[in-house]
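Here is the file protein.cif (mmCIF, C-alpha atoms).
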```
data_entry
#
loop_
_atom_site.label_atom_id
_atom_site.label_comp_id
_atom_site.auth_asym_id
_atom_site.auth_seq_id
_atom_site.Cartn_x
_atom_site.Cartn_y
_atom_site.Cartn_z
CA MET G 491 -8.19 118.99 -16.66
CA ALA G 492 -6.39 122.20 -15.90
CA LEU G 493 -3.44 121.93 -13.52
CA ASP G 494 -3.41 123.35 -10.02
CA LYS G 495 -0.45 125.36 -8.72
CA PHE G 496 1.33 122.17 -7.68
CA GLY G 497 0.99 120.78 -11.19
CA ILE G 498 2.47 123.97 -12.65
CA ALA G 499 5.41 123.67 -10.24
CA LYS G 500 5.90 120.00 -11.17
CA ARG G 501 5.97 120.80 -14.88
CA ILE G 502 8.50 123.61 -14.38
CA ALA G 503 10.72 121.28 -12.36
CA GLN G 504 11.15 119.28 -15.58
CA GLU G 505 13.01 122.28 -17.03
CA LEU G 506 15.77 122.02 -14.41
CA GLN G 507 19.12 120.58 -15.42
CA ASP G 508 21.98 119.14 -13.43
CA GLY G 509 24.30 121.88 -12.18
CA PHE G 510 21.78 124.70 -12.61
CA TYR G 511 21.84 127.73 -10.30
CA VAL G 512 18.21 128.81 -9.97
CA ASN G 513 16.34 131.74 -8.45
CA LEU G 514 12.74 130.95 -7.51
CA GLY G 515 10.33 133.81 -6.90
CA ILE G 516 7.55 133.96 -4.34
CA GLY G 517 4.33 131.96 -4.85
CA ILE G 518 4.07 129.07 -7.33
CA PRO G 519 7.81 129.33 -8.18
CA THR G 520 8.72 128.51 -4.57
CA LEU G 521 6.86 125.19 -4.93
CA VAL G 522 9.21 124.11 -7.73
CA ALA G 523 11.81 123.34 -5.07
CA ASN G 524 9.63 120.43 -3.89
CA TYR G 525 9.80 118.67 -7.27
CA ILE G 526 13.50 118.83 -8.20
CA PRO G 527 14.34 115.41 -9.70
CA GLU G 528 16.46 113.38 -7.28
CA GLU G 529 19.07 112.46 -9.87
CA ILE G 530 20.11 116.07 -10.54
CA ASN G 531 21.86 118.67 -8.43
CA VAL G 532 20.30 122.14 -8.44
CA THR G 533 21.49 125.07 -6.31
CA LEU G 534 18.88 127.59 -5.22
CA GLN G 535 19.78 131.26 -4.91
CA SER G 536 17.97 133.63 -2.59
CA GLU G 537 18.66 137.22 -3.59
CA ASN G 538 19.03 138.50 -0.04
CA GLY G 539 22.40 136.77 -0.09
CA LEU G 540 22.42 132.97 -0.05
CA LEU G 541 23.44 130.36 -2.57
CA GLY G 542 22.51 126.81 -1.63
CA MET G 543 19.21 127.38 0.15
CA GLY G 544 18.15 124.46 2.32
CA PRO G 545 14.75 123.46 3.70
CA PHE G 546 12.90 125.19 6.53
CA PRO G 547 14.57 124.52 9.90
CA THR G 548 13.14 122.32 12.61
CA GLU G 549 11.66 124.33 15.50
CA THR G 550 14.87 124.15 17.55
CA LYS G 551 17.08 125.24 14.63
CA VAL G 552 15.18 128.43 13.77
CA ASP G 553 17.72 131.26 13.36
CA PRO G 554 16.45 134.85 12.88
CA ASP G 555 19.71 135.61 11.04
CA MET G 556 18.90 133.01 8.37
CA ILE G 557 16.03 133.99 6.09
CA ASN G 558 15.22 133.83 2.39
CA ALA G 559 14.00 136.65 0.15
CA GLY G 560 10.43 135.88 1.24
CA LYS G 561 11.58 136.56 4.83
CA GLN G 562 10.95 132.92 5.76
CA THR G 563 13.33 131.17 8.14
CA ILE G 564 15.51 128.71 6.22
CA THR G 565 18.71 126.68 6.52
CA THR G 566 21.98 126.30 4.66
CA LEU G 567 23.27 123.09 3.09
CA PRO G 568 26.78 121.64 2.82
CA GLY G 569 28.38 123.82 0.15
CA SER G 570 26.20 126.89 0.74
CA SER G 571 27.68 130.37 0.60
CA ILE G 572 26.52 133.68 2.04
CA PHE G 573 27.24 137.12 0.61
CA ASP G 574 26.04 140.71 0.53
CA SER G 575 23.24 142.11 -1.64
CA ALA G 576 25.59 143.73 -4.18
CA THR G 577 27.36 140.41 -4.77
CA SER G 578 23.99 138.68 -4.98
CA PHE G 579 22.77 140.94 -7.75
CA ALA G 580 26.15 140.72 -9.47
CA MET G 581 25.36 136.99 -9.81
CA ILE G 582 21.97 137.85 -11.25
CA ARG G 583 22.93 140.72 -13.56
CA GLY G 584 26.17 139.09 -14.56
CA GLY G 585 24.34 136.11 -16.02
CA HIS G 586 25.68 133.57 -13.54
CA ILE G 587 22.24 132.31 -12.57
CA ASN G 588 20.99 129.78 -15.14
CA LEU G 589 17.27 130.10 -14.58
CA THR G 590 14.81 132.44 -12.93
CA VAL G 591 11.24 131.34 -12.27
CA LEU G 592 8.76 133.99 -11.26
CA GLY G 593 5.08 134.77 -11.12
CA ALA G 594 3.33 137.43 -13.16
CA MET G 595 0.11 139.37 -13.40
CA GLU G 596 0.47 139.74 -17.18
CA VAL G 597 2.82 138.52 -19.91
CA ALA G 598 2.79 139.90 -23.46
CA ASP G 599 3.50 137.92 -26.63
CA ASN G 600 6.73 139.90 -27.11
CA GLY G 601 8.05 138.75 -23.71
CA ASP G 602 7.16 141.85 -21.67
CA ILE G 603 6.19 141.05 -18.09
CA ALA G 604 4.11 142.98 -15.54
CA ASN G 605 4.23 141.79 -11.96
CA TRP G 606 4.95 144.65 -9.58
CA LYS G 607 2.28 147.30 -9.58
CA ILE G 608 -1.47 147.76 -9.99
CA PRO G 609 -2.47 151.40 -10.52
CA GLY G 610 -4.81 152.60 -7.80
CA LYS G 611 -3.59 150.01 -5.32
CA MET G 612 -0.90 150.50 -2.71
CA VAL G 613 2.47 150.07 -4.35
CA LYS G 614 4.71 147.76 -2.37
CA GLY G 615 7.73 147.96 -4.61
CA MET G 616 9.50 145.80 -7.16
CA GLY G 617 12.02 144.25 -4.79
CA GLY G 618 14.51 142.35 -6.92
CA ALA G 619 12.09 141.55 -9.76
CA MET G 620 13.34 144.20 -12.20
CA ASP G 621 16.97 143.15 -11.74
CA LEU G 622 16.01 139.50 -12.20
CA VAL G 623 13.96 139.92 -15.36
CA ALA G 624 16.42 142.35 -16.97
CA SER G 625 19.32 139.97 -16.62
CA ALA G 626 18.58 136.26 -16.47
CA GLU G 627 19.39 134.30 -19.60
CA ASN G 628 16.38 132.11 -19.10
CA ILE G 629 13.16 133.29 -17.50
CA ILE G 630 10.13 131.08 -17.01
CA VAL G 631 6.88 132.58 -15.80
CA ALA G 632 4.64 130.42 -13.62
CA MET G 633 1.05 131.63 -13.41
CA MET G 634 -2.60 130.92 -13.97
CA HIS G 635 -3.68 131.42 -17.58
CA THR G 636 -6.51 133.76 -16.63
CA ASN G 637 -7.17 136.11 -13.71
CA LYS G 638 -9.92 135.81 -11.13
CA ALA G 639 -12.32 137.63 -13.46
CA GLY G 640 -11.61 135.01 -16.13
CA GLU G 641 -9.62 137.43 -18.32
CA SER G 642 -6.52 136.29 -20.15
CA LYS G 643 -3.15 137.09 -18.57
CA LEU G 644 -1.38 136.32 -21.86
CA LEU G 645 -1.79 139.50 -23.84
CA SER G 646 -0.75 141.26 -27.04
CA LYS G 647 0.38 144.14 -24.79
CA CYS G 648 0.62 144.45 -21.01
CA THR G 649 -1.98 146.82 -19.56
CA LEU G 650 -0.22 147.10 -16.18
CA PRO G 651 3.10 148.93 -15.61
CA ILE G 652 5.79 146.56 -16.84
CA THR G 653 8.64 145.05 -14.85
CA GLY G 654 10.82 144.28 -17.85
CA VAL G 655 10.79 144.37 -21.65
CA GLY G 656 11.02 141.37 -23.97
CA CYS G 657 12.53 139.13 -21.33
CA VAL G 658 10.24 136.12 -20.75
CA LYS G 659 11.29 133.03 -22.69
CA LYS G 660 8.70 130.50 -21.53
CA VAL G 661 5.35 130.48 -19.75
CA VAL G 662 3.86 127.56 -17.85
CA THR G 663 0.22 127.97 -16.85
CA ASN G 664 -2.54 125.74 -15.56
CA LEU G 665 -3.49 125.16 -19.22
CA ALA G 666 -0.33 125.14 -21.29
CA VAL G 667 3.41 125.36 -21.83
CA MET G 668 4.41 128.06 -24.31
CA ASP G 669 7.63 129.49 -25.65
CA ILE G 670 7.83 133.15 -26.53
CA THR G 671 9.43 133.80 -29.91
CA ASN G 672 9.61 136.76 -32.29
CA GLN G 673 6.28 135.56 -33.67
CA GLY G 674 4.46 135.41 -30.31
CA PHE G 675 3.43 132.63 -27.93
CA VAL G 676 4.12 129.20 -29.40
CA LEU G 677 2.04 126.39 -27.90
CA LEU G 678 4.28 123.47 -26.92
CA GLU G 679 2.17 121.36 -24.57
CA ARG G 680 -1.40 121.17 -23.31
CA ALA G 681 -2.46 120.35 -19.75
CA PRO G 682 -3.99 116.84 -19.63
CA GLY G 683 -7.44 116.90 -21.21
CA VAL G 684 -7.30 120.58 -22.21
CA SER G 685 -7.77 121.21 -25.94
CA ALA G 686 -5.72 123.59 -28.07
CA GLU G 687 -8.99 125.38 -28.79
CA GLU G 688 -9.59 126.04 -25.07
CA ILE G 689 -6.06 127.40 -24.74
CA LYS G 690 -6.51 129.64 -27.75
CA ASN G 691 -9.76 130.99 -26.31
CA ALA G 692 -8.02 131.80 -23.03
CA THR G 693 -5.12 133.59 -24.74
CA GLU G 694 -5.64 137.19 -25.82
CA GLY G 695 -2.12 137.58 -27.28
CA LYS G 696 -0.93 135.96 -30.49
CA LEU G 697 -0.77 132.18 -30.05
CA ILE G 698 0.82 129.99 -32.67
CA ILE G 699 -0.45 126.40 -32.85
CA GLU G 700 1.38 124.21 -35.31
CA GLY G 701 0.54 120.54 -35.83
CA ASP G 702 -0.54 118.21 -33.06
CA ILE G 703 0.21 119.59 -29.62
CA PRO G 704 1.17 116.89 -27.09
CA GLU G 705 -0.15 116.71 -23.54
CA MET G 706 2.17 117.54 -20.65
CA LYS G 707 3.67 114.54 -18.89
CA ILE G 708 3.20 115.24 -15.21
CA MET H 1448 41.56 157.58 17.47
CA ASN H 1449 38.93 155.97 19.63
CA LYS H 1450 35.97 154.61 17.65
CA VAL H 1451 34.28 152.92 20.57
CA PHE H 1452 31.14 154.40 22.11
CA GLU H 1453 29.36 153.31 25.24
CA ASN H 1454 25.92 152.90 23.72
CA ALA H 1455 23.63 153.89 20.85
CA GLU H 1456 22.56 157.24 22.38
CA GLN H 1457 26.17 158.42 22.49
CA ALA H 1458 27.13 156.90 19.15
CA ILE H 1459 24.42 158.71 17.16
CA ALA H 1460 25.54 162.19 18.30
CA GLY H 1461 25.37 164.63 15.41
CA VAL H 1462 22.27 163.26 13.71
CA LYS H 1463 20.14 166.28 12.84
CA ASP H 1464 16.81 167.12 11.25
CA GLY H 1465 16.79 166.81 7.46
CA MET H 1466 19.74 164.44 7.19
CA THR H 1467 20.02 161.41 4.92
CA LEU H 1468 20.50 158.11 6.73
CA MET H 1469 21.25 154.59 5.50
CA LEU H 1470 20.00 151.67 7.56
CA GLY H 1471 21.16 148.12 6.85
CA GLY H 1472 18.97 145.05 6.89
CA PHE H 1473 16.63 142.97 4.74
CA GLY H 1474 13.15 142.84 6.18
CA LEU H 1475 13.83 142.73 9.92
CA CYS H 1476 16.99 140.64 9.46
CA GLY H 1477 20.25 142.43 10.24
CA ILE H 1478 18.68 145.78 11.12
CA PRO H 1479 20.45 148.17 13.52
CA GLU H 1480 17.92 147.74 16.34
CA ASN H 1481 19.79 149.74 18.97
CA SER H 1482 20.49 152.68 16.67
CA ILE H 1483 16.85 152.81 15.54
CA ALA H 1484 15.72 152.90 19.18
CA ALA H 1485 18.15 155.76 19.84
CA LEU H 1486 17.01 157.66 16.73
CA VAL H 1487 13.40 157.38 17.93
CA LYS H 1488 14.45 158.72 21.33
CA LEU H 1489 16.44 161.54 19.72
CA GLY H 1490 13.39 162.51 17.66
CA ALA H 1491 15.24 163.95 14.65
CA LYS H 1492 12.71 164.82 11.93
CA ASN H 1493 12.45 165.25 8.14
CA LEU H 1494 14.86 162.39 7.61
CA THR H 1495 15.52 160.70 4.30
CA CYS H 1496 16.01 157.00 5.02
CA ILE H 1497 17.69 154.66 2.56
CA SER H 1498 16.89 151.09 3.48
CA ASN H 1499 15.76 148.07 1.48
CA ASN H 1500 12.51 147.92 3.49
CA ALA H 1501 10.63 150.15 5.89
CA GLY H 1502 10.18 147.74 8.78
CA VAL H 1503 6.77 146.71 10.10
CA ASP H 1504 4.28 148.83 12.03
CA ASP H 1505 5.85 148.33 15.44
CA PHE H 1506 9.44 147.38 14.68
CA GLY H 1507 12.42 148.55 12.67
CA ILE H 1508 11.98 151.76 10.69
CA GLY H 1509 8.25 151.43 11.42
CA LEU H 1510 9.05 152.87 14.85
CA MET H 1511 10.50 156.01 13.22
CA LEU H 1512 7.47 156.28 10.93
CA GLN H 1513 5.17 156.19 13.94
CA GLN H 1514 6.96 159.25 15.30
CA ARG H 1515 6.65 161.03 11.93
CA GLN H 1516 10.44 161.28 11.66
CA VAL H 1517 10.75 160.17 8.07
CA LYS H 1518 10.12 162.55 5.17
CA LYS H 1519 11.27 160.22 2.42
CA MET H 1520 12.02 156.50 2.06
CA ILE H 1521 14.34 155.15 -0.60
CA SER H 1522 13.66 151.40 -0.74
CA SER H 1523 12.97 148.44 -3.03
CA TYR H 1524 10.00 147.00 -1.15
CA VAL H 1525 7.79 148.63 1.46
CA GLY H 1526 4.92 146.18 1.97
CA GLU H 1527 4.04 144.83 5.44
CA ASN H 1528 3.55 148.30 6.93
CA ALA H 1529 0.11 149.89 7.38
CA GLU H 1530 1.50 153.09 8.95
CA PHE H 1531 3.72 153.55 5.91
CA GLU H 1532 0.73 153.19 3.60
CA LYS H 1533 -1.31 155.69 5.61
CA GLN H 1534 1.41 158.36 5.53
CA LEU H 1535 2.10 157.76 1.85
CA LEU H 1536 -1.56 158.10 0.86
CA SER H 1537 -1.94 161.26 2.96
CA GLY H 1538 1.09 162.80 1.28
CA GLU H 1539 3.15 163.11 4.48
CA LEU H 1540 5.68 160.62 3.21
CA GLU H 1541 7.51 160.39 -0.11
CA VAL H 1542 8.84 157.14 -1.44
CA ASP H 1543 11.41 156.42 -4.12
CA LEU H 1544 11.21 152.77 -5.16
CA ILE H 1545 14.37 151.34 -6.66
CA PRO H 1546 15.11 147.84 -8.00
CA GLN H 1547 16.85 145.94 -5.22
CA GLY H 1548 20.04 145.23 -7.14
CA SER H 1549 20.26 148.86 -8.23
CA LEU H 1550 19.81 149.98 -4.63
CA ALA H 1551 22.64 147.71 -3.47
CA GLU H 1552 24.92 148.79 -6.29
CA ARG H 1553 24.13 152.49 -5.82
CA CYS H 1554 25.24 152.21 -2.19
CA ARG H 1555 28.32 150.26 -3.19
CA ALA H 1556 29.14 152.85 -5.87
CA GLY H 1557 28.67 155.66 -3.35
CA GLY H 1558 31.26 154.08 -1.10
CA ALA H 1559 33.57 153.13 -3.95
CA GLY H 1560 33.91 156.55 -5.58
CA ILE H 1561 31.90 155.65 -8.68
CA PRO H 1562 29.37 158.43 -9.39
CA ALA H 1563 27.08 156.41 -11.65
CA PHE H 1564 26.81 153.16 -13.60
CA PHE H 1565 24.71 151.55 -16.33
CA THR H 1566 22.39 148.69 -15.40
CA PRO H 1567 19.76 146.77 -17.38
CA ALA H 1568 17.37 146.68 -14.40
CA GLY H 1569 14.32 148.82 -15.02
CA TYR H 1570 15.03 149.61 -18.68
CA GLY H 1571 11.74 150.27 -20.47
CA THR H 1572 9.82 150.62 -17.20
CA GLU H 1573 8.72 153.68 -15.25
CA VAL H 1574 11.94 153.39 -13.21
CA ALA H 1575 13.81 154.53 -16.32
CA GLU H 1576 11.76 157.71 -16.78
CA GLY H 1577 14.05 160.74 -17.01
CA LYS H 1578 17.20 158.62 -16.89
CA GLU H 1579 19.87 158.42 -19.55
CA THR H 1580 19.86 155.16 -21.51
CA ARG H 1581 22.57 153.67 -23.66
CA GLU H 1582 23.11 150.57 -25.77
CA TYR H 1583 26.04 148.25 -25.17
CA ASN H 1584 26.51 145.15 -27.31
CA GLY H 1585 22.93 145.28 -28.52
CA LYS H 1586 21.31 145.55 -25.09
CA MET H 1587 19.81 148.63 -23.45
CA TYR H 1588 20.90 149.98 -20.07
CA LEU H 1589 19.99 152.94 -17.91
CA LEU H 1590 22.18 155.23 -15.86
CA GLU H 1591 21.80 155.00 -12.08
CA THR H 1592 23.65 157.36 -9.75
CA ALA H 1593 25.53 156.58 -6.56
CA LEU H 1594 23.98 157.01 -3.10
CA THR H 1595 25.73 158.29 -0.01
CA ALA H 1596 24.46 159.26 3.44
CA ASP H 1597 25.31 161.63 6.27
CA PHE H 1598 25.14 158.64 8.60
CA ALA H 1599 25.02 154.92 7.84
CA PHE H 1600 23.79 152.53 10.54
CA VAL H 1601 24.84 148.91 10.23
CA LYS H 1602 24.47 145.81 12.36
CA ALA H 1603 27.19 143.15 12.54
CA TRP H 1604 27.71 140.00 14.58
CA LYS H 1605 31.25 140.67 15.75
CA GLY H 1606 33.41 143.73 15.57
CA ASP H 1607 36.70 144.88 17.00
CA THR H 1608 37.57 148.27 18.44
CA ASP H 1609 39.22 149.23 15.10
CA GLY H 1610 35.84 148.82 13.41
CA ASN H 1611 36.49 145.57 11.55
CA LEU H 1612 33.21 143.71 11.14
CA ILE H 1613 31.94 140.16 10.63
CA TYR H 1614 28.29 139.53 9.85
CA LYS H 1615 26.30 136.37 10.55
CA GLY H 1616 24.12 134.49 8.09
CA THR H 1617 21.83 136.43 5.80
CA ALA H 1618 21.93 139.34 8.27
CA ARG H 1619 24.79 140.60 6.10
CA ASN H 1620 22.59 141.75 3.14
CA PHE H 1621 22.87 145.56 2.65
CA ASN H 1622 25.09 146.24 5.65
CA PRO H 1623 28.52 146.03 3.95
CA MET H 1624 27.63 148.46 1.12
CA MET H 1625 25.96 150.91 3.46
CA ALA H 1626 28.98 150.80 5.75
CA MET H 1627 31.02 151.95 2.74
CA ALA H 1628 28.62 154.72 1.73
CA GLY H 1629 28.17 156.56 5.03
CA LYS H 1630 30.11 159.78 5.66
CA ILE H 1631 29.92 158.60 9.26
CA THR H 1632 29.23 154.90 9.64
CA ILE H 1633 28.02 153.62 12.98
CA ALA H 1634 28.27 149.89 13.56
CA GLU H 1635 26.47 148.08 16.34
CA VAL H 1636 27.70 144.59 17.15
CA GLU H 1637 26.66 141.68 19.35
CA GLU H 1638 30.24 141.04 20.40
CA LEU H 1639 32.88 143.77 20.63
CA VAL H 1640 36.44 142.43 20.86
CA GLN H 1641 40.02 143.70 20.88
CA PRO H 1642 42.12 144.02 17.68
CA GLY H 1643 43.70 140.68 16.86
CA GLU H 1644 40.82 138.60 18.13
CA LEU H 1645 39.14 138.48 14.71
CA ASP H 1646 40.94 136.54 11.97
CA PRO H 1647 41.86 139.10 9.25
CA ASN H 1648 41.04 136.46 6.63
CA PHE H 1649 37.38 136.54 7.60
CA ILE H 1650 36.67 140.26 7.95
CA HIS H 1651 33.67 141.29 5.84
CA THR H 1652 33.87 145.07 6.38
CA PRO H 1653 37.37 146.49 6.93
CA GLY H 1654 37.55 149.00 9.77
CA VAL H 1655 38.39 151.92 7.47
CA PHE H 1656 34.70 152.15 6.60
CA VAL H 1657 33.56 152.36 10.22
CA GLN H 1658 33.89 155.59 12.22
CA ARG H 1659 31.98 154.57 15.36
CA ILE H 1660 31.24 151.23 16.97
CA PHE H 1661 29.34 150.08 20.05
CA LYS H 1662 28.15 146.87 21.60
CA GLY H 1663 24.40 146.58 21.21
CA THR H 1664 22.11 145.11 23.85
CA ASP H 1665 18.76 143.33 24.12
CA TYR H 1666 18.48 142.21 20.50
CA GLU H 1667 14.95 141.13 19.72
CA LYS H 1668 15.71 139.83 16.18
CA ARG H 1669 12.06 139.56 15.32
CA ILE H 1670 11.13 136.96 12.70
CA GLU H 1671 8.62 137.97 10.01
CA GLN H 1672 7.80 134.50 8.66
CA ARG H 1673 8.58 131.67 11.02
CA THR H 1674 8.58 128.64 8.74
CA VAL H 1675 9.58 125.24 10.13
CA THR H 1676 9.83 121.60 9.11
CA GLU H 1677 8.45 118.87 11.32
CA ALA H 1678 11.36 117.21 13.14
#
```
Rewrite the structure from the file as structure tokens, please.
Amino acid sequence: MALDKFGIAKRIAQELQDGFYVNLGIGIPTLVANYIPEEINVTLQSENGLLGMGPFPTETKVDPDMINAGKQTITTLPGSSIFDSATSFAMIRGGHINLTVLGAMEVADNGDIANWKIPGKMVKGMGGAMDLVASAENIIVAMMHTNKAGESKLLSKCTLPITGVGCVKKVVTNLAVMDITNQGFVLLERAPGVSAEEIKNATEGKLIIEGDIPEMKI
Amino acid sequence: MNKVFENAEQAIAGVKDGMTLMLGGFGLCGIPENSIAALVKLGAKNLTCISNNAGVDDFGIGLMLQQRQVKKMISSYVGENAEFEKQLLSGELEVDLIPQGSLAERCRAGGAGIPAFFTPAGYGTEVAEGKETREYNGKMYLLETALTADFAFVKAWKGDTDGNLIYKGTARNFNPMMAMAGKITIAEVEELVQPGELDPNFIHTPGVFVQRIFKGTDYEKRIEQRTVTEA
């Protein structure tokens, strides 16, 4: 059975390692924070200027001067630090953040990502997405395998305006976990009960399937 | 030299039609509320506004958009604003969208005397169109130029009469870089104190970057997404 968005977040949480500094984008990536294994210590960065993002505040602790990049009210934790936007993006561009998880509208089999603009629709802007994808050492995309029309979001070439070139290293969808290599998408894991054939049919870009592909352990 | 002004109306003296303004803040967090209210009252038009966001319909820069004061926005994200969308689609308003980190660094560069810099953000995208690109150590970068403004409006938590500023929480965001990049920087603060009352070790913006300062009043500090945990 294909995963839901919570399942995708759970699977991505398995990629986290002790000591990681991580930037989580809006949407499914935000949910990853709920599944960080208890035995490891992960520090969340919010690009508006906070390292060590804590949970939402209780009603009485809401502070309008404490928000995350999604403009949600949040808290700090012991060991948090606060800084300006230039310093924040110095962390990102300078390669100090170990992992970035973000959503996408399309990913190509060469690692290109499109997630900021749909021609003909109101453009809201890229926010920090272009800085994040251009710089992070390790970028995982969290998204559904197909769009609402049932069309593949894993393509041989992005059709939408791209956010960054050749930058995505791994994609976790409701159907599969894939690495992106010089050869294209490489199927690593299948969602429970989903066949490699189904994944291939839902993938427009080049998908490499070698040997028996294990199921995800969620 | 006295930097202290009585209120926002007096502090913004000299703002004229067609000028370029920087306004600090991320979303509605850390925005110069008092200065925006005074700019709306002043009614200066054809302004170019550099700010990460454009406010919401009835708050922040949205109030200036309502009065048709803004000719061009330079921002990284302008969602959450129907008036903005209307003016953009009708061609009344121009927008220049810039990756958020590039926007922050362009302001910082403007204040730091660096005319341009290479960044990887936006390489290979439409943001790079018409910009010089160069390879360093096998990776491609594009040239982004510095930004400065006739006036920069910033909001801090505490300030002293010499213009030294301390911000609170994530309301810091773009304020320190914009303070550096304004030809005239106007700081509004919640608490205005005498020199010596702020610990020099904890100053975020040194007073040299601030030309005018006033104590703001009636801060609304509107929250865009009130998210809470059950107690």
Of the candidates G:Ile698, G:Leu534, G:Met706, G:Ile564, which one gets nearest to chain H if we count all atoms listed in the file? G:Ile564
Closest contacts (stretch 630-653 of chain G/stretch 595-614 of chain G, max 9 Å, all atoms listed in the file) as CSV:
```
residue,atom,partner,partner_atom,distance
G:Val631,CA,G:Val597,CA,8.3
G:Met633,CA,G:Met595,CA,7.8
G:Met634,CA,G:Met595,CA,8.9
G:Asn637,CA,G:Met595,CA,8.0
G:Ser642,CA,G:Glu596,CA,8.3
G:Lys643,CA,G:Glu596,CA,4.7
G:Leu644,CA,G:Val597,CA,5.1
G:Leu645,CA,G:Ala598,CA,4.6
G:Ser646,CA,G:Ala598,CA,5.2
G:Lys647,CA,G:Ala598,CA,5.1
G:Cys648,CA,G:Ala598,CA,5.6
G:Thr649,CA,G:Glu596,CA,7.9
G:Leu650,CA,G:Ala604,CA,6.0
G:Pro651,CA,G:Ala604,CA,6.0
G:Ile652,CA,G:Ala604,CA,4.2
G:Thr653,CA,G:Ala604,CA,5.0
```
Could you build a table of the residues in chain H lying no more than 7 Å from chain G, giving for each the nearest pair of atoms and their separation in Å rounded to one decimal place, using all atoms listed in the file, ordered by chain and ascending residue number, as a Markdown table?
```
| residue | atom | partner | partner_atom | distance |
| --- | --- | --- | --- | --- |
| H:Phe1473 | CA | G:Asn538 | CA | 7.0 |
| H:Gly1474 | CA | G:Lys561 | CA | 6.6 |
| H:Cys1476 | CA | G:Asp555 | CA | 5.9 |
| H:Gly1477 | CA | G:Asp555 | CA | 6.9 |
| H:Ser1523 | CA | G:Gly617 | CA | 4.6 |
| H:Tyr1524 | CA | G:Gly615 | CA | 4.2 |
| H:Val1525 | CA | G:Lys614 | CA | 5.0 |
| H:Gly1526 | CA | G:Lys614 | CA | 4.6 |
| H:Leu1544 | CA | G:Gly615 | CA | 6.0 |
| H:Pro1546 | CA | G:Gly618 | CA | 5.6 |
| H:Gln1547 | CA | G:Gly618 | CA | 4.6 |
| H:Gly1548 | CA | G:Phe579 | CA | 5.1 |
| H:Ala1551 | CA | G:Ala576 | CA | 5.0 |
| H:Glu1552 | CA | G:Ala576 | CA | 5.5 |
| H:Pro1567 | CA | G:Ala624 | CA | 5.6 |
| H:Ala1568 | CA | G:Asp621 | CA | 4.4 |
| H:Gly1569 | CA | G:Met620 | CA | 5.5 |
| H:Tyr1570 | CA | G:Gly654 | CA | 6.8 |
| H:Gly1571 | CA | G:Val655 | CA | 6.1 |
| H:Thr1572 | CA | G:Ile652 | CA | 5.7 |
| H:Lys1615 | CA | G:Asp555 | CA | 6.7 |
| H:Gly1616 | CA | G:Asp555 | CA | 5.4 |
| H:Thr1617 | CA | G:Met556 | CA | 5.2 |
| H:Ala1618 | CA | G:Asp555 | CA | 5.1 |
| H:Arg1619 | CA | G:Asp574 | CA | 5.7 |
| H:Asn1620 | CA | G:Asp574 | CA | 4.4 |
| H:Phe1621 | CA | G:Ser575 | CA | 5.5 |
| H:Pro1623 | CA | G:Asp574 | CA | 6.8 |
| H:Lys1668 | CA | G:Pro554 | CA | 6.0 |
| H:Arg1669 | CA | G:Pro554 | CA | 6.9 |
| H:Ile1670 | CA | G:Pro554 | CA | 5.7 |
| H:Glu1671 | CA | G:Lys561 | CA | 6.1 |
| H:Gln1672 | CA | G:Gln562 | CA | 4.6 |
| H:Arg1673 | CA | G:Thr563 | CA | 5.6 |
| H:Thr1674 | CA | G:Thr563 | CA | 5.4 |
| H:Val1675 | CA | G:Phe546 | CA | 4.9 |
| H:Thr1676 | CA | G:Thr548 | CA | 4.9 |
| H:Glu1677 | CA | G:Thr548 | CA | 6.0 |
| H:Ala1678 | CA | G:Thr548 | CA | 5.4 |
```
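The space between atom CA of H:Gln1658 and atom CA of H:Met1511 spans 23.4 Å.
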To test your reading of the syntax: which residues would the PyMOL selection byres ((chain G and resi 667) around 7) return for the file shown? Reply as a compact mmCIF listing (two decimals) with C-alpha atoms, in the coordinates of the input.
```txt
# COMPACT_ATOMS: atom_id res chain seq x y z
CA VAL G 661 5.35 130.48 -19.75
CA VAL G 662 3.86 127.56 -17.85
CA THR G 663 0.22 127.97 -16.85
CA ALA G 666 -0.33 125.14 -21.29
CA MET G 668 4.41 128.06 -24.31
CA LEU G 677 2.04 126.39 -27.90
CA LEU G 678 4.28 123.47 -26.92
CA GLU G 679 2.17 121.36 -24.57
CA ARG G 680 -1.40 121.17 -23.31
```
Using the file's own x, y and z axes, what box holds all listed atoms of stretch 1464-1483 of chain H with 5 Å on each side, keeping edges along x, y and z, and what are its centre and edge lengths in Å to one decimal, as JSON?
```
{"center_x": 17.2, "center_y": 153.9, "center_z": 11.9, "size_x": 18.1, "size_y": 36.5, "size_z": 24.2}
```
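Atom CA of H:His1651 sits 17.8 Å away from atom CA of H:Gly1557.
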